[in-house]
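**Student:** First the structure, then my questions, so here it is.
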Amino acid sequence: MKVSLNWLKDYVDLNGIPQEQLIEKLTLAGLEVEGVEDQNKIYENFVVGLVTDKQAHPKADKLTVCIVNDGQNDYQVVCGAPNVEKNQKIIFAKIDAIIPENNLKISKVKLRGIESFGMICSDKELNLGDDHSGIKVLPDNFVVGASISEALELNDTILEIAITPNRPDALSHIGIAREISALFNRELILPKVKDLTVSEKINSYASVEILDDINCPRYSSKVILDVEIKESPEWLKKKLKAVGLRPINNVVDATNFILLELGQPLHAFDLDQLANKKIVVKKSTQVKFITLDSKERNLNESVLMICDGEKSVAIAGVMGGENSEISLRTKNILIESAYFNPSSIRKTSKYLGLSTESSYRFERGIDPSNTLFAAERVAELIHEIGGGTIVDGFIDVYPNKIFPKEVILRYSRLLKILGYEIEKEKVKEILTRLGTEIINENENSLSCSIPTFRPDVEREIDLIEEIARIYGYENIPTVEKISTTLSTKIDESKFLENLREIFVALGFNEMINTTLASEKNALLTGEPIKLLNPQTEEMAVLRTSLIQGALETLRRNIFAGEKNLKLFEFGKVFAKKSDAIENFSDFEEIEKGIIIITGKSIQSEWYSADKFCDFYDLKGYVNSLLKKINLDSVLFDSYYHSGNNIFDYYFEKKSKNGLVGFGGKVSKTLLGNFDIDQDVYLFEFSVDVLKTIEVSENKFKELLRFPKVNRDFAFIFDKSISNDEVKIFVKQKASTLLKSIKLFDIFESKNLGENKKSMAYTLEFFDMSRTLTEEEVEKEFLYLIEEVKNKFNAALRGS
């Protein structure tokens, strides 16, 4: 945004503030000054000149040879303008002057054989206007030799300031002046209007009805009669030109002036062109509309419109209509000063591909408390420069009142966050300068009413940030010595990095997807949280799972010719905790991971054939991960052969803490939604749950120094006897010499008998401190055989 320093001086005293310091302070405070346009430098070497002689060029009919005096010397200048005459005072560009229009540097040249030592300029060449039909002729009272900056009062400095989207309050000269007031502790001088008197008189001239009070919470209006539409006074045109706006007429220029002064977009309607002298704010009901730029716009039902009693007359917050614009025939004016829902204007502007100075401010959020003041201010200005009569009273329809937020600021919290102390009086001074009202205070805290022009200040931390940036980051005290207690560092990312390394070692590539998804896709895995202002339908909600993003990534890779894929991702998903989302406690973020495979797991070589990914590959990768992090022995599986809306069949990994993850073969129906026509297997798991599972630490186990002794036996059991029953019983009856029992064979045959089966086991005996004797092993072995026979009525095979 362009800001004029001369204009700023109307609202804050800049005396004694060096320009360099002002720029530095604004930038450090978050209003970055991206460019500086010093008119004194731009118009350097341009002076008021006097044409003392004019002769025809001997070799060119359309050129003249002039003698120009700059107050000290005479210069020969070849000029092609048709209106140059002797004794005229003109703008003379001397040698080394740079023409603003095209950056042409003036030097001595020969034109058709005649030397020229400068240039006589037009308005257009100096960016002072569009007229280039001839040179600019100056008034006779101008002093010859005076600099053009001085003569035309082109002594302003224009700052180009980058305003971040969260600072709509800074999109005006008063907004910037307020910042300077706080930064340099100077008084803010606000414009004044006459008392806003309540009168029913205005209701006989116009009325306003809001049918969509969600997108138009407030609409204020004033009426002015018998206005003369004409050219604006020079002071007004000069202010607008300084910041890059083209003057149009006194009424339009007045609304633009207030826009740049207060940050409140305004629109002036020709009251006589409004059917029934009525304004109706509602959603669009027509397909096409012609705007002020004479372009036909295609509308949809979401576009908010300003209508009269019969037709649409403006696209709310964006641009007025051609059918109600101010013209030379206009006499009676209705001023619109409204507050529109930023989301509505943003969507309309994006849909129409139309951005204006008004929409730029409305979509960021203007001050809803300022509409009536702005309407009265512009009415008085129009009356001043265009005559007419301001109708008593005002129209102010405000069905959804927006109240200032209240925030408590604790001094202890301020100290903890900043790390240094700011005097309480200084804190109050900063907040007051920024427009914050202190409604209550004690020695520990301040209760603050946040002005409605600061929608970005919502919490205590926001107030702390405001205090820090105005106090000055450069004023943070230097700390010469910092003491800290040495303690074990907890690396929160270590667990995730370990998982990442495991997947990479298994041959996977990492993918990173956006946390936003379409509502249709997100509904597959949960109830999604909707965004207030989504950019597109494909990014309208927060994702409920990593599955949809992974499938979309798979689709793009397959379309690009990459059909054999092993991918993984870690990221946050979001789950509702209540139906209405009012604050951060109404939903939760969950850290999840996903692996997804498709295509060939083994590609054909001379020694092997192709092998496609299958369910067992997926389960193998999952088990490999769990084994690497020592969780393979604490989780158990559940298998489901009937599918759901995601899988044809799948399995779950569970722990005593709950479900860890699930995965399987993705259903053809779901794959069809993503245009994938090859088998896909995936497993999604909760990183948060994995972190909660206690893992036994790896410990060194001493190598066995004495030999093991193995014995095998096989029994014929009833079919109802399970392997686990036998193993548990043997371990209970055995001494400490038996270290393990392992099933190595199950056999069923009619030869064994009806409902019989054979199970064979290997028993392992050893002692860590000595070598076992044959006798003691044999005694233990025979004892266990007898116990098994008696317990299970089993028959020892081979006996």
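Residue numbering restarts at 1 for every chain of the structure tokens, chains are lettered A, B, ... in their displayed order, and ligands are numbered from 1 as they appear.
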Run DSSP on the backbone and grab whatever in segment 399-592 of chain A lands in strand (DSSP E or B); send it over as a VMD selection string.
**Tutor:** chain A and resid 405 to 410 437 to 441 445 to 450 509 to 510 516 to 517 530 541 to 542 565 to 576 587 to 592
**Student:** Go through A:Asn710, A:Asn15, A:Thr692, A:Ser107 and flag the residue nearest Val777 of chain A, using only C-alpha atoms for the distances.
**Tutor:**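 Distance minimum relative to Val777 of chain A lands on A:Asn710.
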**Student:** Calculate how many Å separate atom CA of Thr484 of chain A from atom CA of Val427 of chain A, rounding to one decimal.
**Tutor:**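 Answer for the atom CA of Thr484 of chain A to atom CA of Val427 of chain A separation: 29.1 Å.
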**Student:** Please list as a list in words every residue within 10 Å of Ile676 of chain A, counting only C-alpha atoms and excluding residues in the same chain fewer than 4 positions away.
**Tutor:**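 Answer for this query is Leu551, Glu552, Leu554, Arg555, Arg556, Ile558, Phe559, Lys668, Thr669, Leu670, Leu671, Gly672 and Val680 of chain A.
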**Student:** Go ahead and save the residues from that selection, with N, CA, C and O atoms, as a tab-separated table (two decimals), in the first residue's frame.
**Tutor:**
```tsv
chain	number	residue	atom	x	y	z
A	551	LEU	N	-3.71	-42.45	-1.30
A	551	LEU	CA	-4.28	-42.96	-2.55
A	551	LEU	C	-4.17	-41.92	-3.67
A	551	LEU	O	-3.93	-42.27	-4.83
A	552	GLU	N	-4.33	-40.64	-3.32
A	552	GLU	CA	-4.18	-39.58	-4.33
A	552	GLU	C	-2.74	-39.52	-4.83
A	552	GLU	O	-2.49	-39.36	-6.03
A	554	LEU	N	-0.69	-42.05	-4.86
A	554	LEU	CA	-0.53	-43.26	-5.66
A	554	LEU	C	-1.06	-43.02	-7.07
A	554	LEU	O	-0.44	-43.39	-8.07
A	555	ARG	N	-2.25	-42.39	-7.15
A	555	ARG	CA	-2.87	-42.13	-8.45
A	555	ARG	C	-1.97	-41.29	-9.34
A	555	ARG	O	-1.77	-41.59	-10.52
A	556	ARG	N	-1.40	-40.21	-8.78
A	556	ARG	CA	-0.55	-39.33	-9.58
A	556	ARG	C	0.70	-40.05	-10.06
A	556	ARG	O	1.15	-39.85	-11.20
A	558	ILE	N	1.03	-43.36	-10.54
A	558	ILE	CA	0.65	-44.36	-11.54
A	558	ILE	C	0.40	-43.70	-12.88
A	558	ILE	O	0.82	-44.20	-13.93
A	559	PHE	N	-0.29	-42.54	-12.87
A	559	PHE	CA	-0.53	-41.81	-14.11
A	559	PHE	C	0.77	-41.34	-14.75
A	559	PHE	O	0.84	-41.15	-15.96
A	668	LYS	N	-11.98	-52.42	-4.37
A	668	LYS	CA	-12.02	-51.95	-5.76
A	668	LYS	C	-12.88	-50.68	-5.90
A	668	LYS	O	-12.59	-49.80	-6.70
A	669	THR	N	-13.94	-50.62	-5.09
A	669	THR	CA	-14.83	-49.45	-5.15
A	669	THR	C	-14.09	-48.18	-4.78
A	669	THR	O	-14.18	-47.15	-5.47
A	670	LEU	N	-13.34	-48.24	-3.68
A	670	LEU	CA	-12.58	-47.07	-3.25
A	670	LEU	C	-11.48	-46.73	-4.25
A	670	LEU	O	-11.27	-45.55	-4.57
A	671	LEU	N	-10.81	-47.74	-4.76
A	671	LEU	CA	-9.76	-47.49	-5.76
A	671	LEU	C	-10.36	-46.84	-7.01
A	671	LEU	O	-9.72	-45.98	-7.63
A	672	GLY	N	-11.58	-47.25	-7.35
A	672	GLY	CA	-12.24	-46.65	-8.51
A	672	GLY	C	-12.48	-45.17	-8.34
A	672	GLY	O	-12.44	-44.41	-9.32
A	680	VAL	N	-4.00	-52.62	-4.38
A	680	VAL	CA	-3.30	-51.75	-3.43
A	680	VAL	C	-3.48	-52.31	-2.02
A	680	VAL	O	-4.59	-52.73	-1.65
```
**Student:** Which is closest to Phe706 of chain A among A:Ser359, A:Thr478, A:Thr771, A:Thr762, if we use only C-alpha atoms?
**Tutor:**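 Checking each of A:Ser359, A:Thr478, A:Thr771, A:Thr762 against Phe706 of chain A, counting only C-alpha atoms, the winner is A:Thr771.
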**Student:** From the DSSP assignment of the backbone, select every residue of segment 549-746 of chain A that is alpha helix (DSSP H), and format the answer as an MDAnalysis selection string.
**Tutor:** chainID A and resid 549:559 615:628 668:673 687:692 723:733
**Student:** Set the distance at 8 Å and use only C-alpha atoms: which residues neighbour segment 82-88 of chain A once local chain neighbours fewer than 4 positions away are removed? I'd like the list as a count of residues only.
**Tutor:** 11
**Student:** My list of candidates is A:Ile382, A:Asn341, A:Ala97, A:Val144. Which is closest to Asn256 of chain A when distances are computed with only C-alpha atoms?
**Tutor:**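 Comparing A:Ile382, A:Asn341, A:Ala97, A:Val144 against Asn256 of chain A, the winner is A:Ile382.
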**Student:** Atom CA of Asp272 of chain A and atom CA of Gly388 of chain A are how many Å apart?
**Tutor:** 14.9 Å
**Student:** Which residue is closest to Gly472 of chain A? Choose from A:Val660, A:Phe685, A:Cys613, A:Leu418 and count only C-alpha atoms.
**Tutor:**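 Going through A:Val660, A:Phe685, A:Cys613, A:Leu418 one by one, the smallest distance to Gly472 of chain A is for A:Leu418.
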**Student:** Can you work out which one of A:Glu234, A:Asp648, A:Glu786, A:Asp614 has the shortest atom-to-atom distance to Ile596 of chain A, counting only C-alpha atoms?
**Tutor:**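 The closest residue to Ile596 of chain A is A:Asp614.
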**Student:** Give me the residues within 8 Å of Asp253 of chain A as a PDB file with all heavy atoms, in the first residue's frame, counting only C-alpha atoms and dropping any in the same chain fewer than 6 places off.
**Tutor:**
```pdb
ATOM      1  N   SER A 232     -12.592  17.732  -8.938  1.00  0.00           N
ATOM      2  CA  SER A 232     -12.206  17.891  -7.538  1.00  0.00           C
ATOM      3  C   SER A 232     -11.249  19.064  -7.375  1.00  0.00           C
ATOM      4  O   SER A 232     -10.514  19.417  -8.312  1.00  0.00           O
ATOM      5  CB  SER A 232     -11.539  16.619  -7.016  1.00  0.00           C
ATOM      6  OG  SER A 232     -12.437  15.548  -6.995  1.00  0.00           O
ATOM      7  N   LEU A 236      -7.306  17.806  -3.238  1.00  0.00           N
ATOM      8  CA  LEU A 236      -7.813  16.440  -3.215  1.00  0.00           C
ATOM      9  C   LEU A 236      -7.189  15.608  -4.333  1.00  0.00           C
ATOM     10  O   LEU A 236      -6.769  14.464  -4.119  1.00  0.00           O
ATOM     11  CB  LEU A 236      -9.338  16.455  -3.329  1.00  0.00           C
ATOM     12  CG  LEU A 236     -10.041  15.091  -3.346  1.00  0.00           C
ATOM     13  CD1 LEU A 236      -9.642  14.245  -2.145  1.00  0.00           C
ATOM     14  CD2 LEU A 236     -11.565  15.276  -3.380  1.00  0.00           C
ATOM     15  N   LYS A 237      -7.126  16.181  -5.523  1.00  0.00           N
ATOM     16  CA  LYS A 237      -6.510  15.461  -6.637  1.00  0.00           C
ATOM     17  C   LYS A 237      -5.055  15.143  -6.334  1.00  0.00           C
ATOM     18  O   LYS A 237      -4.552  14.065  -6.648  1.00  0.00           O
ATOM     19  CB  LYS A 237      -6.612  16.299  -7.926  1.00  0.00           C
ATOM     20  CG  LYS A 237      -8.035  16.414  -8.456  1.00  0.00           C
ATOM     21  CD  LYS A 237      -8.064  16.934  -9.879  1.00  0.00           C
ATOM     22  CE  LYS A 237      -7.622  18.384  -9.958  1.00  0.00           C
ATOM     23  NZ  LYS A 237      -7.732  18.915 -11.340  1.00  0.00           N
ATOM     24  N   LEU A 240      -4.724  12.140  -3.963  1.00  0.00           N
ATOM     25  CA  LEU A 240      -5.021  10.871  -4.625  1.00  0.00           C
ATOM     26  C   LEU A 240      -3.919  10.481  -5.599  1.00  0.00           C
ATOM     27  O   LEU A 240      -3.501   9.318  -5.664  1.00  0.00           O
ATOM     28  CB  LEU A 240      -6.368  10.961  -5.347  1.00  0.00           C
ATOM     29  CG  LEU A 240      -7.599  11.182  -4.461  1.00  0.00           C
ATOM     30  CD1 LEU A 240      -8.852  11.245  -5.318  1.00  0.00           C
ATOM     31  CD2 LEU A 240      -7.737  10.091  -3.411  1.00  0.00           C
ATOM     32  N   PRO A 247      -7.848  10.787 -10.270  1.00  0.00           N
ATOM     33  CA  PRO A 247      -9.062  11.557  -9.938  1.00  0.00           C
ATOM     34  C   PRO A 247     -10.125  11.382 -11.011  1.00  0.00           C
ATOM     35  O   PRO A 247      -9.812  11.309 -12.203  1.00  0.00           O
ATOM     36  CB  PRO A 247      -8.553  13.001  -9.892  1.00  0.00           C
ATOM     37  CG  PRO A 247      -7.077  12.901  -9.663  1.00  0.00           C
ATOM     38  CD  PRO A 247      -6.649  11.651 -10.370  1.00  0.00           C
TER      39      PRO A 247
END
```
**Student:** Please identify all polymer residues within 10 Å of Thr291 of chain A, counting only C-alpha atoms, omitting same-chain residues fewer than 3 positions from it, and present them as a list of chain:residue names.
**Tutor:** A:Lys288, A:Ser294, A:Lys295, A:Glu296, A:Arg297, A:Val313, A:Ala314, A:Ile315, A:Val318, A:Met319, A:Gly320, A:Gly321, A:Glu322, A:Asn323, A:Ser324, A:Glu325
